[in-house]
$ cat upload.cif   # mmCIF, C-alpha atoms and all ligand atoms
data_input
#
loop_
_atom_site.label_atom_id
_atom_site.label_comp_id
_atom_site.auth_asym_id
_atom_site.auth_seq_id
_atom_site.Cartn_x
_atom_site.Cartn_y
_atom_site.Cartn_z
CA MET A 11 16.64 16.26 -12.34
CA THR A 12 15.24 13.04 -10.94
CA ASP A 13 15.94 12.34 -7.33
CA HIS A 14 16.94 8.68 -7.29
CA THR A 15 17.05 8.42 -3.55
CA ALA A 16 13.68 9.95 -2.67
CA THR A 17 11.83 7.76 -5.18
CA PRO A 18 13.53 4.39 -5.30
CA LYS A 19 13.39 2.15 -8.35
CA PRO A 20 10.34 -0.15 -8.20
CA GLU A 21 12.50 -3.22 -9.04
CA LEU A 22 14.71 -2.47 -6.05
CA VAL A 23 11.75 -2.02 -3.73
CA GLU A 24 10.33 -5.30 -5.01
CA GLN A 25 13.57 -7.21 -4.59
CA ILE A 26 14.40 -5.88 -1.12
CA GLY A 27 10.73 -6.14 -0.15
CA ALA A 28 10.80 -9.85 -1.02
CA ASN A 29 13.95 -10.34 1.10
CA LEU A 30 12.30 -8.47 3.94
CA GLN A 31 9.21 -10.62 3.70
CA ARG A 32 11.32 -13.78 3.94
CA VAL A 33 13.19 -12.44 6.97
CA ARG A 34 9.93 -11.43 8.65
CA ALA A 35 8.45 -14.89 8.00
CA ARG A 36 11.51 -16.52 9.58
CA MET A 37 11.23 -14.12 12.52
CA ALA A 38 7.57 -15.03 12.99
CA ALA A 39 8.37 -18.75 12.97
CA ALA A 40 11.16 -18.26 15.53
CA ILE A 41 8.85 -16.18 17.75
CA GLU A 42 6.30 -18.98 17.50
CA ARG A 43 8.90 -21.55 18.62
CA ARG A 44 10.03 -19.25 21.45
CA GLY A 45 6.52 -18.74 22.79
CA PRO A 46 5.25 -15.71 24.70
CA GLY A 47 7.87 -13.07 25.27
CA PRO A 48 9.08 -9.63 24.28
CA GLU A 49 8.45 -7.92 20.97
CA VAL A 50 11.29 -8.34 18.47
CA ARG A 51 12.42 -5.42 16.34
CA LEU A 52 14.26 -5.89 13.06
CA ILE A 53 17.23 -3.63 12.37
CA GLY A 54 18.46 -3.61 8.77
CA VAL A 55 22.23 -3.41 8.87
CA SER A 56 23.00 -1.03 6.03
CA LYS A 57 26.77 -0.60 6.34
CA ARG A 58 28.49 -0.46 2.95
CA GLN A 59 25.13 -0.55 1.17
CA ALA A 60 24.10 2.14 -1.30
CA LEU A 61 21.66 4.74 -0.04
CA ALA A 62 19.25 3.81 -2.86
CA LYS A 63 18.95 0.31 -1.35
CA ILE A 64 18.29 1.67 2.12
CA VAL A 65 15.61 4.00 0.79
CA ALA A 66 14.10 1.03 -1.07
CA ALA A 67 14.01 -0.94 2.19
CA HIS A 68 12.29 2.01 3.83
CA ALA A 69 9.74 2.11 1.01
CA ALA A 70 9.19 -1.62 1.65
CA GLY A 71 8.38 -0.88 5.28
CA LEU A 72 11.66 -1.14 7.21
CA ARG A 73 12.23 1.68 9.73
CA ASP A 74 15.33 0.73 11.72
CA PHE A 75 18.80 0.86 10.19
CA GLY A 76 22.19 -0.01 11.67
CA GLU A 77 25.53 1.50 10.68
CA ASN A 78 29.07 0.50 11.73
CA TYR A 79 31.22 3.42 10.66
CA ALA A 80 30.83 6.92 12.08
CA GLN A 81 31.66 8.84 8.90
CA GLU A 82 29.47 6.61 6.79
CA LEU A 83 26.62 7.24 9.21
CA ARG A 84 27.27 10.98 9.02
CA ASP A 85 27.18 10.94 5.20
CA LYS A 86 24.05 8.82 5.03
CA LEU A 87 22.22 11.05 7.50
CA ARG A 88 23.23 14.06 5.44
CA ASP A 89 21.85 12.51 2.23
CA TRP A 90 18.82 10.78 3.71
CA PRO A 91 15.48 12.10 2.37
CA PRO A 92 14.14 14.02 5.38
CA GLU A 93 10.50 13.08 4.74
CA ARG A 94 11.30 9.43 5.43
CA ASP A 95 11.18 8.81 9.16
CA ALA A 96 13.76 6.30 10.27
CA ARG A 97 15.50 5.16 13.43
CA TRP A 98 19.27 4.85 13.14
CA HIS A 99 21.39 2.55 15.26
CA TYR A 100 25.13 2.70 15.72
CA ILE A 101 26.53 -0.83 15.96
CA GLY A 102 30.24 -0.38 15.24
CA ALA A 103 33.32 0.21 17.36
CA ILE A 104 33.27 3.62 19.04
CA GLN A 105 36.11 6.13 18.92
CA SER A 106 35.34 8.90 21.35
CA ASN A 107 36.30 11.62 18.84
CA LYS A 108 33.50 10.32 16.58
CA LEU A 109 30.73 10.49 19.15
CA LYS A 110 29.48 13.73 17.57
CA TYR A 111 28.26 11.71 14.59
CA MET A 112 26.02 9.48 16.68
CA VAL A 113 24.93 11.17 19.92
CA GLY A 114 21.52 12.79 19.41
CA LYS A 115 21.42 11.43 15.87
CA THR A 116 20.75 7.77 16.59
CA ALA A 117 17.93 6.09 18.47
CA LEU A 118 20.37 3.69 20.06
CA ILE A 119 24.13 3.15 20.36
CA HIS A 120 24.73 -0.60 20.76
CA THR A 121 28.43 -0.81 21.48
CA VAL A 122 29.42 1.00 24.66
CA ASP A 123 32.32 -0.90 26.19
CA ARG A 124 34.07 1.43 28.64
CA PRO A 125 32.94 3.74 31.45
CA GLU A 126 34.57 6.89 29.98
CA LEU A 127 32.24 6.61 26.99
CA ILE A 128 29.16 6.85 29.20
CA ASP A 129 30.35 10.18 30.59
CA ALA A 130 31.36 11.45 27.17
CA ILE A 131 27.99 10.49 25.67
CA SER A 132 26.14 12.15 28.52
CA ARG A 133 28.11 15.39 28.25
CA ARG A 134 27.54 15.63 24.52
CA ALA A 135 23.84 14.76 24.88
CA ALA A 136 23.43 17.38 27.60
CA ASN A 137 24.69 20.05 25.18
CA GLY A 138 21.96 19.14 22.71
CA GLY A 139 19.28 18.69 25.36
CA TRP A 140 18.92 14.96 24.55
CA VAL A 141 18.96 11.76 26.53
CA GLN A 142 20.97 9.26 24.52
CA GLU A 143 20.04 5.60 24.93
CA PHE A 144 22.72 2.96 24.62
CA LEU A 145 23.53 -0.71 25.19
CA ILE A 146 26.59 -2.28 26.78
CA GLU A 147 28.46 -4.66 24.50
CA VAL A 148 29.39 -7.79 26.43
CA ASN A 149 32.25 -10.12 25.61
CA LEU A 150 31.23 -13.57 26.82
CA GLY A 151 33.77 -15.33 24.63
CA GLY A 152 36.62 -14.18 26.83
CA GLU A 153 38.92 -15.04 23.93
CA ASP A 154 40.98 -12.62 21.90
CA GLN A 155 37.95 -10.61 20.86
CA LYS A 156 38.75 -7.02 21.60
CA ALA A 157 35.28 -5.52 21.74
CA GLY A 158 32.96 -5.77 24.69
CA VAL A 159 33.28 -5.85 28.47
CA ALA A 160 33.61 -8.96 30.60
CA PRO A 161 30.35 -9.90 32.36
CA SER A 162 31.96 -9.16 35.72
CA ASP A 163 32.59 -5.55 34.62
CA VAL A 164 29.02 -4.83 33.54
CA PRO A 165 27.79 -3.77 37.01
CA ALA A 166 30.52 -1.10 37.21
CA LEU A 167 29.36 0.32 33.88
CA LEU A 168 25.77 0.33 35.07
CA ASP A 169 26.85 2.17 38.21
CA ALA A 170 28.50 4.80 36.01
CA CYS A 171 25.05 5.63 34.61
CA ALA A 172 23.95 7.11 37.93
CA THR A 173 25.95 10.29 37.34
CA ALA A 174 25.44 10.42 33.57
CA GLU A 175 22.08 12.14 33.49
CA HIS A 176 21.86 12.43 29.73
CA ALA A 177 22.80 8.84 28.94
CA ARG A 178 20.57 5.89 29.65
CA CYS A 179 21.55 2.23 29.48
CA VAL A 180 18.64 0.20 28.11
CA GLY A 181 20.18 -3.24 27.68
CA LEU A 182 22.99 -5.49 26.50
CA MET A 183 24.45 -6.45 23.14
CA ILE A 184 26.66 -9.27 21.91
CA ILE A 185 28.57 -10.30 18.80
CA PRO A 186 29.43 -13.93 19.55
CA PRO A 187 32.68 -15.38 18.24
CA PRO A 188 32.19 -17.39 15.05
CA GLY A 189 31.17 -20.99 15.67
CA GLU A 190 28.64 -23.74 15.22
CA PRO A 191 24.96 -22.84 15.82
CA GLU A 192 24.72 -24.63 19.14
CA HIS A 193 27.89 -22.88 20.29
CA THR A 194 26.35 -19.55 19.27
CA ARG A 195 23.09 -20.40 21.03
CA ARG A 196 25.00 -20.83 24.27
CA PHE A 197 26.31 -17.26 24.04
CA PHE A 198 22.83 -15.90 23.39
CA ARG A 199 21.45 -17.83 26.34
CA GLU A 200 24.25 -16.68 28.64
CA LEU A 201 23.66 -13.06 27.66
CA ARG A 202 19.94 -13.39 28.37
CA GLU A 203 20.69 -14.97 31.75
CA LEU A 204 23.11 -12.18 32.61
CA HIS A 205 20.47 -9.65 31.56
CA GLU A 206 17.90 -11.34 33.80
CA ARG A 207 20.24 -11.43 36.78
CA LEU A 208 21.00 -7.73 36.39
CA ARG A 209 17.33 -6.89 36.01
CA ASP A 210 16.52 -8.81 39.17
CA GLY A 211 19.30 -6.99 41.01
CA PRO A 212 19.20 -3.58 42.68
CA GLU A 213 17.54 -0.75 40.78
CA ARG A 214 20.03 1.69 39.35
CA PRO A 215 19.37 5.27 38.32
CA GLY A 216 19.83 5.82 34.58
CA VAL A 217 19.38 2.13 33.82
CA ASP A 218 16.34 0.44 32.28
CA LEU A 219 17.35 -2.99 31.02
CA ARG A 220 14.72 -3.78 28.43
CA GLU A 221 16.67 -4.65 25.27
CA LEU A 222 18.84 -7.56 24.19
CA SER A 223 20.57 -6.92 20.87
CA MET A 224 21.72 -10.23 19.41
CA GLY A 225 21.50 -12.20 16.18
CA MET A 226 22.57 -11.49 12.57
CA SER A 227 21.65 -12.97 9.17
CA ALA A 228 23.16 -16.37 10.00
CA ASP A 229 21.74 -16.80 13.48
CA PHE A 230 18.85 -14.40 14.21
CA GLU A 231 16.39 -17.24 14.66
CA LEU A 232 18.49 -18.76 17.45
CA ALA A 233 18.78 -15.30 19.01
CA ILE A 234 15.00 -14.83 18.97
CA GLU A 235 14.49 -18.25 20.51
CA GLU A 236 16.87 -17.21 23.29
CA GLY A 237 15.16 -13.88 23.98
CA ALA A 238 16.50 -11.21 21.59
CA THR A 239 14.46 -7.99 21.38
CA LEU A 240 16.61 -6.42 18.63
CA ILE A 241 18.10 -8.40 15.76
CA ARG A 242 20.68 -6.92 13.38
CA VAL A 243 20.26 -8.32 9.89
CA GLY A 244 22.31 -7.14 6.92
CA THR A 245 22.96 -9.43 3.98
CA ALA A 246 19.66 -11.34 4.26
CA ILE A 247 17.89 -8.04 3.51
CA PHE A 248 20.30 -6.05 1.35
CA GLY A 249 22.43 -8.74 -0.27
CA ALA A 250 26.23 -8.81 -0.32
CA ARG A 251 28.02 -5.67 0.80
CA ALA A 252 30.19 -3.51 -1.47
C1 LIG A 301 27.62 -6.38 9.86
C2 LIG A 301 26.98 -6.58 11.18
C3 LIG A 301 25.74 -7.22 11.28
C4 LIG A 301 24.98 -7.80 10.11
O1 LIG A 301 25.63 -8.90 9.59
P1 LIG A 301 24.92 -9.81 8.45
O2 LIG A 301 25.66 -11.08 8.54
O3 LIG A 301 25.12 -9.08 7.17
O4 LIG A 301 23.49 -9.94 8.81
C5 LIG A 301 25.16 -7.29 12.55
N1 LIG A 301 25.78 -6.79 13.64
C6 LIG A 301 26.98 -6.20 13.57
C7 LIG A 301 27.59 -5.67 14.81
C8 LIG A 301 27.62 -6.08 12.34
O5 LIG A 301 28.82 -5.50 12.30
#
$ encode --input "upload.cif" --output "structure tokens" --more "lines below"
Ligand SMILES: *Cc1c(COP(=O)(O)O)cnc(C)c1O
Amino acid sequence: MTDHTATPKPELVEQIGANLQRVRARMAAAIERRGPGPEVRLIGVSKRQALAKIVAAHAAGLRDFGENYAQELRDKLRDWPPERDARWHYIGAIQSNKLKYMVGKTALIHTVDRPELIDAISRRAANGGWVQEFLIEVNLGGEDQKAGVAPSDVPALLDACATAEHARCVGLMIIPPPGEPEHTRRFFRELRELHERLRDGPERPGVDLRELSMGMSADFELAIEEGATLIRVGTAIFGARA
């Protein structure tokens, strides 16, 4: 039997490789416009994409993948060809009863938005002997968006890291409300400024604010110009989702 996932179809590798190349060229141009600054890592958002496409992206050189649904992540990790080294990111809403599918299994959880989660992550990570890195999702829109914590609540979450020895906060994440590019840019800039203020503030145990996760297919260039270190790009790499 042929293993379709371990050896992806050449046409698929070519097609996704071409998309990747275009995204990387746009990243490079945005980094050029931004000027000196942090390294930017590309995360391919693979939610609701076939495993064959993700393997093809890996064959084309992509190493970071982002998933939004806990069970889908679990299934993909189960079926992933083990010889292909990859870093998985969890970027969806977190239900605490699903933490077992991500803690110790992902390089980074992007969407922590309440203090109880930090404790729960740490306890689970302690059992496995891991230190789980995560980001705090910030809600700068203040509108009806449910996900994310208000900027004024971020310090309390960072303080909660002091007692969570097996969880480490390494930065902030945002999904801005839909809007015009210049509107979106303002959210990216505000998140970077918040990040800088927190970094300049008192040192906190269990906290190392080095990452800013912002920007998707439609706006990753703006995000890079405003200081993103992680961009989350789905459709521009994989095409439309199922
Ligand atoms: C789906 C998703 C993305 C990727 O969106 P595209 O528009 O396909 O690039 C990025 N971040 C989050 C949190 C997502 O849910």
$ residues_near_ligand --input "upload.cif" --ligand "ligand LIG 301 (chain A)" --cutoff "10 Å" --atoms "all atoms listed in the file" --output "ChimeraX atom specification"
/A:53-58,76-79,100-103,120-121,147,183-186,223-230,241-251
$ closest_residue --input "upload.cif" --among "A:Arg202, A:Arg94, A:His193, A:Arg214" --to "Thr239 of chain A" --atoms "all atoms listed in the file"
A:Arg202
$ residues_around --input "upload.cif" --residues "Asp74 of chain A" --least-positions-apart "3" --cutoff "8 Å" --atoms "all atoms listed in the file" --output "ChimeraX atom specification"
/A:52-54,96-99
$ atom_distance --input "upload.cif" --atom1 "atom CA of Ile131 of chain A" --atom2 "atom CA of Ser106 of chain A"
8.7 Å
$ residues_around --input "upload.cif" --residues "Gly151 of chain A" --least-positions-apart "4" --cutoff "12 Å" --atoms "all atoms listed in the file" --output "short mmCIF file (atom, residue, chain, number, x, y, z; two decimals) with C-alpha atoms, keeping the file's coordinate frame"
data_model
loop_
_atom_site.label_atom_id
_atom_site.label_comp_id
_atom_site.auth_asym_id
_atom_site.auth_seq_id
_atom_site.Cartn_x
_atom_site.Cartn_y
_atom_site.Cartn_z
CA GLU A 147 28.46 -4.66 24.50
CA GLN A 155 37.95 -10.61 20.86
CA LYS A 156 38.75 -7.02 21.60
CA ALA A 157 35.28 -5.52 21.74
CA GLY A 158 32.96 -5.77 24.69
CA VAL A 159 33.28 -5.85 28.47
CA ALA A 160 33.61 -8.96 30.60
CA PRO A 161 30.35 -9.90 32.36
CA ILE A 184 26.66 -9.27 21.91
CA ILE A 185 28.57 -10.30 18.80
CA PRO A 186 29.43 -13.93 19.55
CA PRO A 187 32.68 -15.38 18.24
CA PRO A 188 32.19 -17.39 15.05
CA GLY A 189 31.17 -20.99 15.67
CA HIS A 193 27.89 -22.88 20.29
CA THR A 194 26.35 -19.55 19.27
CA ARG A 196 25.00 -20.83 24.27
CA PHE A 197 26.31 -17.26 24.04
CA PHE A 198 22.83 -15.90 23.39
CA GLU A 200 24.25 -16.68 28.64
CA LEU A 201 23.66 -13.06 27.66
#
$ closest_residue --input "upload.cif" --among "A:Ala40, A:Ala66, A:Val113, A:Ala172" --to "Gln25 of chain A" --atoms "only C-alpha atoms"
A:Ala66
$ atom_distance --input "upload.cif" --atom1 "atom CA of Ile26 of chain A" --atom2 "atom CA of Ala70 of chain A"
7.3 Å
$ build_atoms --input "upload.cif" --residues "segment 108-120 of chain A" --atoms "N, CA, C and O atoms" --output "JSON list (two decimals), keeping the file's coordinate frame"
[["chain", "number", "residue", "atom", "x", "y", "z"],
["A", 108, "LYS", "N", 34.55, 10.44, 17.59],
["A", 108, "LYS", "CA", 33.50, 10.32, 16.58],
["A", 108, "LYS", "C", 32.09, 10.33, 17.18],
["A", 108, "LYS", "O", 31.10, 10.17, 16.48],
["A", 109, "LEU", "N", 32.04, 10.54, 18.49],
["A", 109, "LEU", "CA", 30.73, 10.49, 19.15],
["A", 109, "LEU", "C", 29.77, 11.53, 18.59],
["A", 109, "LEU", "O", 28.56, 11.35, 18.59],
["A", 110, "LYS", "N", 30.34, 12.65, 18.09],
["A", 110, "LYS", "CA", 29.48, 13.73, 17.57],
["A", 110, "LYS", "C", 28.62, 13.25, 16.40],
["A", 110, "LYS", "O", 27.59, 13.84, 16.13],
["A", 111, "TYR", "N", 29.05, 12.20, 15.72],
["A", 111, "TYR", "CA", 28.26, 11.71, 14.59],
["A", 111, "TYR", "C", 27.12, 10.79, 15.01],
["A", 111, "TYR", "O", 26.30, 10.41, 14.20],
["A", 112, "MET", "N", 27.09, 10.40, 16.25],
["A", 112, "MET", "CA", 26.02, 9.48, 16.68],
["A", 112, "MET", "C", 25.14, 9.99, 17.82],
["A", 112, "MET", "O", 23.94, 9.74, 17.83],
["A", 113, "VAL", "N", 25.73, 10.72, 18.77],
["A", 113, "VAL", "CA", 24.93, 11.17, 19.92],
["A", 113, "VAL", "C", 23.87, 12.16, 19.44],
["A", 113, "VAL", "O", 24.18, 13.13, 18.75],
["A", 114, "GLY", "N", 22.62, 11.91, 19.81],
["A", 114, "GLY", "CA", 21.52, 12.79, 19.41],
["A", 114, "GLY", "C", 21.05, 12.53, 17.99],
["A", 114, "GLY", "O", 20.07, 13.11, 17.54],
["A", 115, "LYS", "N", 21.77, 11.71, 17.26],
["A", 115, "LYS", "CA", 21.42, 11.43, 15.87],
["A", 115, "LYS", "C", 20.97, 10.00, 15.67],
["A", 115, "LYS", "O", 20.45, 9.64, 14.61],
["A", 116, "THR", "N", 21.19, 9.16, 16.68],
["A", 116, "THR", "CA", 20.75, 7.77, 16.59],
["A", 116, "THR", "C", 19.75, 7.48, 17.72],
["A", 116, "THR", "O", 19.80, 8.10, 18.79],
["A", 117, "ALA", "N", 18.88, 6.52, 17.45],
["A", 117, "ALA", "CA", 17.93, 6.09, 18.47],
["A", 117, "ALA", "C", 18.65, 5.29, 19.54],
["A", 117, "ALA", "O", 18.28, 5.33, 20.72],
["A", 118, "LEU", "N", 19.70, 4.58, 19.12],
["A", 118, "LEU", "CA", 20.37, 3.69, 20.06],
["A", 118, "LEU", "C", 21.82, 3.44, 19.61],
["A", 118, "LEU", "O", 22.07, 3.16, 18.44],
["A", 119, "ILE", "N", 22.73, 3.52, 20.58],
["A", 119, "ILE", "CA", 24.13, 3.15, 20.36],
["A", 119, "ILE", "C", 24.33, 1.79, 21.02],
["A", 119, "ILE", "O", 24.08, 1.64, 22.22],
["A", 120, "HIS", "N", 24.73, 0.77, 20.24],
["A", 120, "HIS", "CA", 24.73, -0.60, 20.76],
["A", 120, "HIS", "C", 26.04, -1.04, 21.41],
["A", 120, "HIS", "O", 26.09, -2.13, 21.97]]
